[in-house]
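Undergrad: Sharing upload-v2.tsv, TSV, C-alpha atoms:
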```
chain	number	residue	atom	x	y	z
T	1	MET	CA	247.52	303.15	76.76
T	2	PRO	CA	249.57	305.82	78.56
T	3	ARG	CA	252.06	304.35	81.01
T	4	ALA	CA	252.80	305.79	84.40
T	5	ARG	CA	254.93	305.08	87.40
T	6	VAL	CA	253.94	305.94	90.97
T	7	LEU	CA	256.64	306.34	93.61
T	8	ILE	CA	255.47	305.96	97.20
T	9	ARG	CA	257.71	306.70	100.18
T	10	PRO	CA	257.35	307.14	103.94
T	11	LYS	CA	256.69	310.75	104.86
T	12	GLU	CA	259.59	312.80	106.16
T	13	GLY	CA	259.86	312.46	109.93
T	14	ILE	CA	258.30	308.99	110.10
T	15	LEU	CA	260.70	306.32	111.32
T	16	ASP	CA	261.49	303.88	108.50
T	17	PRO	CA	262.98	300.73	110.07
T	18	GLN	CA	263.64	299.18	106.64
T	19	GLY	CA	265.64	302.20	105.55
T	20	LYS	CA	267.57	302.15	108.84
T	21	ALA	CA	268.40	298.46	108.40
T	22	VAL	CA	269.71	299.05	104.88
T	23	GLU	CA	271.69	302.07	106.05
T	24	ARG	CA	273.31	300.14	108.88
T	25	ALA	CA	274.33	297.31	106.53
T	26	LEU	CA	276.18	299.60	104.13
T	27	PRO	CA	279.48	300.24	106.01
T	28	ALA	CA	280.10	296.49	106.33
T	29	LEU	CA	279.93	296.30	102.52
T	30	GLY	CA	282.39	299.14	102.12
T	31	PHE	CA	279.85	301.86	101.27
T	32	GLU	CA	280.75	304.83	103.41
T	33	GLY	CA	279.08	308.23	103.49
T	34	ILE	CA	275.53	307.15	102.70
T	35	GLU	CA	272.78	308.34	104.98
T	36	HIS	CA	269.04	309.06	105.22
T	37	VAL	CA	268.10	305.85	103.37
T	38	ARG	CA	264.34	305.57	102.92
T	39	VAL	CA	262.67	302.50	101.44
T	40	GLY	CA	259.38	302.94	99.59
T	41	ARG	CA	257.68	301.16	96.73
T	42	MET	CA	256.97	301.70	93.08
T	43	VAL	CA	253.84	300.87	91.13
T	44	GLU	CA	253.90	300.72	87.33
T	45	LEU	CA	250.62	300.86	85.50
T	46	GLU	CA	248.84	301.78	82.29
T	47	ALA	CA	245.95	304.19	82.61
T	48	GLU	CA	243.35	305.24	80.08
T	49	ASP	CA	242.88	308.48	81.98
T	50	PRO	CA	246.12	309.53	83.74
T	51	GLU	CA	244.24	312.54	85.14
T	52	ARG	CA	242.62	310.22	87.66
T	53	LEU	CA	245.87	308.82	89.03
T	54	GLY	CA	246.00	311.39	91.83
T	55	GLU	CA	242.65	310.18	93.13
T	56	LEU	CA	243.81	306.57	92.80
T	57	CYS	CA	246.89	307.36	94.89
T	58	GLU	CA	244.88	309.15	97.57
T	59	LYS	CA	242.35	306.35	97.84
T	60	LEU	CA	244.43	303.21	97.45
T	61	LEU	CA	248.05	303.24	96.33
T	62	ALA	CA	249.25	305.50	99.16
T	63	ASN	CA	248.04	306.27	102.65
T	64	PRO	CA	248.39	310.06	102.68
T	65	LEU	CA	248.69	310.08	106.47
T	66	ILE	CA	252.00	308.23	106.39
T	67	GLU	CA	253.20	308.30	102.78
T	68	ASP	CA	254.06	310.79	100.05
T	69	TYR	CA	253.59	309.85	96.43
T	70	GLU	CA	254.84	311.08	93.11
T	71	ILE	CA	253.25	310.30	89.76
T	72	GLN	CA	255.50	310.08	86.71
T	73	THR	CA	253.81	309.74	83.34
T	74	LEU	CA	256.06	307.92	80.88
S	1	MET	CA	222.80	289.32	121.20
S	2	ILE	CA	224.11	288.31	117.78
S	3	TRP	CA	227.68	288.99	116.75
S	4	GLY	CA	228.99	289.16	113.23
S	5	VAL	CA	232.64	288.30	112.65
S	6	LEU	CA	233.97	289.32	109.24
S	7	GLN	CA	235.94	286.82	107.21
S	8	PHE	CA	238.27	287.95	104.44
S	9	PRO	CA	240.50	285.77	102.29
S	10	GLY	CA	243.57	285.62	104.55
S	11	SER	CA	241.76	286.10	107.87
S	12	CYS	CA	243.09	283.63	110.43
S	13	ASP	CA	241.67	284.59	113.82
S	14	GLU	CA	237.97	284.59	112.98
S	15	ARG	CA	237.33	281.21	114.65
S	16	ASP	CA	238.85	282.31	117.94
S	17	ALA	CA	236.84	285.53	117.67
S	18	LEU	CA	233.61	283.55	117.18
S	19	HIS	CA	234.44	281.50	120.29
S	20	ALA	CA	235.22	284.61	122.35
S	21	CYS	CA	232.03	286.38	121.23
S	22	ALA	CA	229.88	283.38	122.17
S	23	LEU	CA	231.59	283.11	125.57
S	24	ALA	CA	230.95	286.80	126.22
S	25	SER	CA	227.29	286.82	125.26
S	26	GLY	CA	224.85	285.29	122.80
S	27	GLU	CA	225.76	283.74	119.49
S	28	ALA	CA	228.19	284.62	116.75
S	29	ARG	CA	228.27	284.02	113.02
S	30	LEU	CA	230.74	284.63	110.21
S	31	ILE	CA	230.12	287.29	107.60
S	32	TRP	CA	231.85	286.65	104.27
S	33	HIS	CA	233.69	289.66	102.87
S	34	GLU	CA	231.49	289.71	99.75
S	35	ASP	CA	228.28	290.04	101.77
S	36	ARG	CA	226.87	293.54	101.57
S	37	ASP	CA	224.30	292.71	104.25
S	38	LEU	CA	225.32	292.17	107.88
S	39	GLY	CA	222.08	290.30	108.56
S	40	GLY	CA	220.89	292.35	111.51
S	41	VAL	CA	223.78	291.65	113.90
S	42	ASP	CA	224.14	293.67	117.12
S	43	ALA	CA	227.93	293.98	117.08
S	44	VAL	CA	230.70	293.43	114.55
S	45	VAL	CA	234.23	292.09	114.98
S	46	VAL	CA	236.84	292.70	112.30
S	47	PRO	CA	239.30	289.91	113.11
S	48	GLY	CA	243.03	289.40	112.83
S	49	GLY	CA	244.93	287.81	110.00
S	50	PHE	CA	246.29	288.94	106.67
S	51	SER	CA	243.27	290.09	104.70
S	52	TYR	CA	243.90	289.91	100.95
S	53	GLY	CA	247.47	288.88	101.75
S	54	ASP	CA	248.19	292.32	103.26
S	55	TYR	CA	249.12	293.35	99.72
S	56	LEU	CA	250.01	297.01	99.20
S	57	ARG	CA	249.53	297.88	102.91
S	58	ALA	CA	247.87	295.90	105.68
S	59	GLY	CA	244.13	296.53	105.43
S	60	ALA	CA	244.35	298.68	102.30
S	61	ILE	CA	242.38	296.35	100.05
S	62	ALA	CA	240.02	294.89	102.66
S	63	ARG	CA	238.55	298.32	103.33
S	64	PHE	CA	236.95	298.29	99.87
S	65	SER	CA	235.14	295.00	100.39
S	66	PRO	CA	231.32	294.97	100.31
S	67	ALA	CA	231.20	293.81	103.94
S	68	MET	CA	233.32	296.78	105.02
S	69	GLU	CA	230.93	299.16	103.25
S	70	ALA	CA	228.18	297.65	105.36
S	71	VAL	CA	230.33	297.96	108.50
S	72	ALA	CA	230.92	301.66	107.78
S	73	GLU	CA	227.15	302.21	107.66
S	74	PHE	CA	226.65	300.10	110.78
S	75	ALA	CA	229.29	302.15	112.63
S	76	ALA	CA	227.83	305.46	111.44
S	77	ALA	CA	224.49	304.36	112.91
S	78	GLY	CA	226.17	303.81	116.28
S	79	GLY	CA	226.65	300.03	116.11
S	80	PRO	CA	229.57	298.68	118.15
S	81	VAL	CA	232.58	297.55	116.12
S	82	LEU	CA	235.72	295.89	117.48
S	83	GLY	CA	238.81	295.63	115.28
S	84	ILE	CA	241.60	293.31	116.36
S	85	CYS	CA	245.12	293.43	114.89
S	86	ASN	CA	244.55	293.23	111.11
S	87	GLY	CA	240.99	294.36	111.87
S	88	PHE	CA	242.41	297.45	113.58
S	89	GLN	CA	244.55	298.09	110.49
S	90	VAL	CA	241.48	297.70	108.26
S	91	LEU	CA	239.45	300.16	110.38
S	92	CYS	CA	242.29	302.71	110.23
S	93	GLU	CA	242.60	302.31	106.44
S	94	ALA	CA	238.83	302.76	106.19
S	95	ALA	CA	239.16	305.97	108.24
S	96	LEU	CA	236.69	304.59	110.79
S	97	LEU	CA	239.52	305.02	113.29
S	98	PRO	CA	242.26	307.67	113.33
S	99	GLY	CA	245.92	306.94	112.63
S	100	ALA	CA	247.86	304.15	110.94
S	101	LEU	CA	249.89	301.07	111.86
S	102	LEU	CA	253.49	300.96	110.67
S	103	LEU	CA	256.25	298.34	110.56
S	104	ASN	CA	257.35	297.45	114.10
S	105	LYS	CA	260.34	299.44	115.27
S	106	ASN	CA	262.19	296.15	115.90
S	107	LYS	CA	261.50	295.14	112.24
S	108	ARG	CA	260.29	291.73	113.42
S	109	PHE	CA	257.04	289.89	113.54
S	110	THR	CA	256.76	289.56	117.30
S	111	CYS	CA	254.57	287.22	119.32
S	112	ARG	CA	254.46	287.81	123.07
S	113	GLN	CA	252.19	288.37	126.03
S	114	VAL	CA	251.68	292.07	126.79
S	115	GLU	CA	250.28	293.98	129.71
S	116	LEU	CA	247.71	296.51	128.57
S	117	LEU	CA	246.55	299.45	130.61
S	118	VAL	CA	242.96	300.43	130.09
S	119	ASP	CA	243.37	304.12	129.56
S	120	GLY	CA	240.87	306.70	130.47
S	121	PRO	CA	238.60	308.37	130.35
S	122	ILE	CA	237.14	306.36	127.48
S	123	SER	CA	234.12	307.60	125.60
S	124	PRO	CA	230.86	305.71	125.98
S	125	PRO	CA	229.33	303.43	124.91
S	126	ILE	CA	232.15	300.89	124.96
S	127	GLY	CA	234.12	302.54	127.69
S	128	ASP	CA	231.68	302.97	130.54
S	129	LEU	CA	231.99	299.51	132.01
S	130	SER	CA	233.59	298.26	135.18
S	131	ALA	CA	235.98	296.02	133.26
S	132	HIS	CA	237.06	299.07	131.36
S	133	ARG	CA	237.57	301.49	134.18
S	134	PRO	CA	240.84	303.32	133.85
S	135	GLY	CA	243.73	301.68	135.64
S	136	VAL	CA	242.68	298.08	134.95
S	137	THR	CA	245.49	295.98	133.49
S	138	LEU	CA	244.81	293.23	130.97
S	139	SER	CA	247.27	290.47	130.12
S	140	ILE	CA	246.73	289.40	126.51
S	141	PRO	CA	248.93	288.23	123.64
S	142	ALA	CA	250.14	290.33	120.74
S	143	LYS	CA	251.43	288.93	117.44
S	144	HIS	CA	252.13	291.23	114.55
S	145	GLY	CA	254.78	292.74	112.32
S	146	GLU	CA	253.06	296.03	111.63
S	147	GLY	CA	251.63	297.38	114.85
S	148	ARG	CA	253.48	300.63	115.50
S	149	TYR	CA	250.65	303.09	116.06
S	150	TYR	CA	251.21	306.41	114.36
S	151	ALA	CA	249.26	309.63	114.11
S	152	PRO	CA	250.53	313.20	113.73
S	153	GLU	CA	251.37	314.89	117.06
S	154	GLU	CA	248.35	317.20	116.92
S	155	VAL	CA	246.05	314.24	116.31
S	156	LEU	CA	247.59	312.38	119.26
S	157	ASP	CA	246.93	315.43	121.45
S	158	GLU	CA	243.31	315.48	120.34
S	159	LEU	CA	242.87	311.74	120.94
S	160	GLU	CA	244.19	312.10	124.48
S	161	ALA	CA	242.11	315.19	125.17
S	162	ARG	CA	238.92	313.45	123.98
S	163	GLY	CA	239.65	310.19	125.78
S	164	GLN	CA	239.98	308.19	122.55
S	165	VAL	CA	243.08	306.31	123.66
S	166	ALA	CA	241.44	303.05	124.74
S	167	TYR	CA	244.50	300.93	125.58
S	168	ARG	CA	248.17	301.57	126.25
S	169	TYR	CA	251.09	299.20	126.59
S	170	ALA	CA	252.23	299.05	130.20
S	171	PRO	CA	255.77	300.30	130.84
S	172	GLY	CA	258.25	297.92	129.19
S	173	HIS	CA	255.61	296.35	126.91
S	174	ASN	CA	255.64	298.75	123.96
S	175	PHE	CA	257.79	296.45	121.81
S	176	ASN	CA	256.64	297.87	118.48
S	177	GLY	CA	257.45	301.54	119.12
S	178	SER	CA	253.88	302.86	119.11
S	179	ALA	CA	253.43	306.59	119.63
S	180	ARG	CA	252.72	307.38	123.27
S	181	ASP	CA	252.49	303.64	124.04
S	182	ILE	CA	249.11	303.47	122.29
S	183	ALA	CA	247.83	299.91	121.73
S	184	GLY	CA	244.23	300.76	120.85
S	185	VAL	CA	242.01	303.73	120.06
S	186	SER	CA	238.34	304.47	119.63
S	187	ASN	CA	236.50	306.79	117.29
S	188	GLU	CA	235.10	310.05	118.59
S	189	ALA	CA	231.65	308.56	119.27
S	190	GLY	CA	233.23	305.67	121.16
S	191	ASN	CA	231.40	302.86	119.34
S	192	VAL	CA	234.33	301.78	117.16
S	193	VAL	CA	237.39	300.43	118.95
S	194	GLY	CA	240.53	298.86	117.55
S	195	LEU	CA	243.58	297.34	119.21
S	196	MET	CA	246.65	295.41	118.07
S	197	PRO	CA	246.83	292.74	120.81
S	198	HIS	CA	244.44	289.79	120.63
S	199	PRO	CA	241.77	289.59	123.35
S	200	GLU	CA	240.17	286.61	121.52
S	201	HIS	CA	243.27	284.52	122.32
S	202	ALA	CA	242.90	285.20	126.07
S	203	VAL	CA	239.46	283.86	126.94
S	204	ASP	CA	240.24	280.43	128.37
S	205	PRO	CA	242.37	279.47	131.42
S	206	LEU	CA	243.92	276.80	129.20
S	207	THR	CA	245.90	279.50	127.43
S	208	GLY	CA	246.90	281.38	130.56
S	209	SER	CA	244.67	284.45	130.82
S	210	THR	CA	240.99	285.21	130.48
S	211	ASP	CA	241.45	288.99	130.51
S	212	GLY	CA	240.54	289.25	126.84
S	213	LEU	CA	236.98	288.31	127.66
S	214	ARG	CA	236.51	291.70	129.29
S	215	VAL	CA	237.01	293.40	125.97
S	216	PHE	CA	234.26	291.28	124.40
S	217	GLU	CA	231.98	291.80	127.39
S	218	ALA	CA	232.38	295.55	127.01
S	219	VAL	CA	231.43	295.37	123.34
S	220	ALA	CA	228.52	293.04	124.14
S	221	ALA	CA	227.17	295.52	126.68
S	222	ALA	CA	227.42	298.27	124.08
S	223	GLY	CA	225.61	296.02	121.58
S	224	ALA	CA	222.83	295.32	124.04
S	225	ARG	CA	222.26	299.04	124.49
S	226	ALA	CA	222.54	300.06	120.82
```
Output the file's structure in the form of structure tokens.
TA:
Amino acid sequence: MPRARVLIRPKEGILDPQGKAVERALPALGFEGIEHVRVGRMVELEAEDPERLGELCEKLLANPLIEDYEIQTL
Amino acid sequence: MIWGVLQFPGSCDERDALHACALASGEARLIWHEDRDLGGVDAVVVPGGFSYGDYLRAGAIARFSPAMEAVAEFAAAGGPVLGICNGFQVLCEAALLPGALLLNKNKRFTCRQVELLVDGPISPPIGDLSAHRPGVTLSIPAKHGEGRYYAPEEVLDELEARGQVAYRYAPGHNFNGSARDIAGVSNEAGNVVGLMPHPEHAVDPLTGSTDGLRVFEAVAAAGARA
């Protein structure tokens, strides 16, 4: 069955406290010069009909009001 | 007056909600999430908790339950629906209410008493009650990790213009970073209301405040008229 990966991330402009927390921890670990960290999630799946993945994202995997998604077929 | 309180796997405030409903008016019964039939209730409460473990996003999976399909029909027919905390998240995911609830700005699950301003004007039928006149302050507890209300700026403008902002955090009480201090909103018709703080935990002097009862009384009055 065709495999796919869906990347879901907070929309640009929406405060991402997780990303901020990661970003603030970096200098203490010696990682300088890293900014705009955004934390999202990834869903891996196998789909008989990859054409329907967009609908699946709109209805369940992402909330289009607050999240952007990207479908990668593998 | 008969209330229906939904119960999902992971709900945890449905018993307090039953108690609060019965104190406000009439009797209350649980509705299991797999029930497609609400059994002729006059008002519905979608309670707090962690429905379906809050997997994916809070409320994302609960919205597809058979009971929520029935609630959507009930709401479309004008029936009063109150969503509390996770119930508010479920109603937003189901698009029965506008907006979304995001991770608290302070990144913490926070439990504290908050002062809520009843905003106004609020649309009827739930809003036109003395307990809900603009300017009234309610002291009720909040306990959540994902309660930062968000909607795009233009949607927030519309909500304010139409009087759909039902509750706001009083100055100094917006601990989660909600847009425009919004703690609860209604739908355009005014029969579906959701809020993050927990009125069902503030109905007995034993726990410090009985202000939460007013929220249930408002919904009961709407149920009696519907």
Undergrad: Report as a list in words the set of chain T residues whose atoms approach chain S to within 9 Å, with distances computed over all atoms listed in the file.
TA: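 Every residue meeting the condition is included here: Ile14, Leu15, Asp16, Pro17, Gln18, Ala21, Leu60, Leu61, Ala62, Asn63, Leu65 and Ile66 of chain T.
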Undergrad: Those residues you just picked out, can you put them in a file as a compact mmCIF listing (two decimals), keeping the file's coordinate frame with C-alpha atoms?
TA:
```txt
# COMPACT_ATOMS: atom_id res chain seq x y z
CA ILE T 14 258.30 308.99 110.10
CA LEU T 15 260.70 306.32 111.32
CA ASP T 16 261.49 303.88 108.50
CA PRO T 17 262.98 300.73 110.07
CA GLN T 18 263.64 299.18 106.64
CA ALA T 21 268.40 298.46 108.40
CA LEU T 60 244.43 303.21 97.45
CA LEU T 61 248.05 303.24 96.33
CA ALA T 62 249.25 305.50 99.16
CA ASN T 63 248.04 306.27 102.65
CA LEU T 65 248.69 310.08 106.47
CA ILE T 66 252.00 308.23 106.39
```
Undergrad: Considering all atoms listed in the file, state which residue in the set S:Tyr149, S:Phe74, S:Tyr167, S:Phe175 is at the smallest distance from Asn191 of chain S.
TA: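 Answer, going by the shortest atom-to-atom distance: S:Phe74.
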Undergrad: I'd like the neighbourhood of segment 67-73 of chain S as a list in words, where a residue qualifies if any of its atoms comes within 6 Å (using all atoms listed in the file), though same-chain residues fewer than 3 positions away should be ignored.
TA: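 Contacts, in chain order: His33, Glu34, Asp35, Arg36, Arg63 and Ala76 of chain S.
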Undergrad: Residues at most 12 Å from Glu48 of chain T, counting only C-alpha atoms, excluding those fewer than 6 positions away in the same chain, as a PyMOL selection string?
TA: chain T and resi 1-4+73
Undergrad: In Å, how far is it from atom CA of Asn174 of chain S to atom CA of Gly40 of chain T?
TA: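 Value for the atom CA of Asn174 of chain S-atom CA of Gly40 of chain T distance: 25.0 Å.
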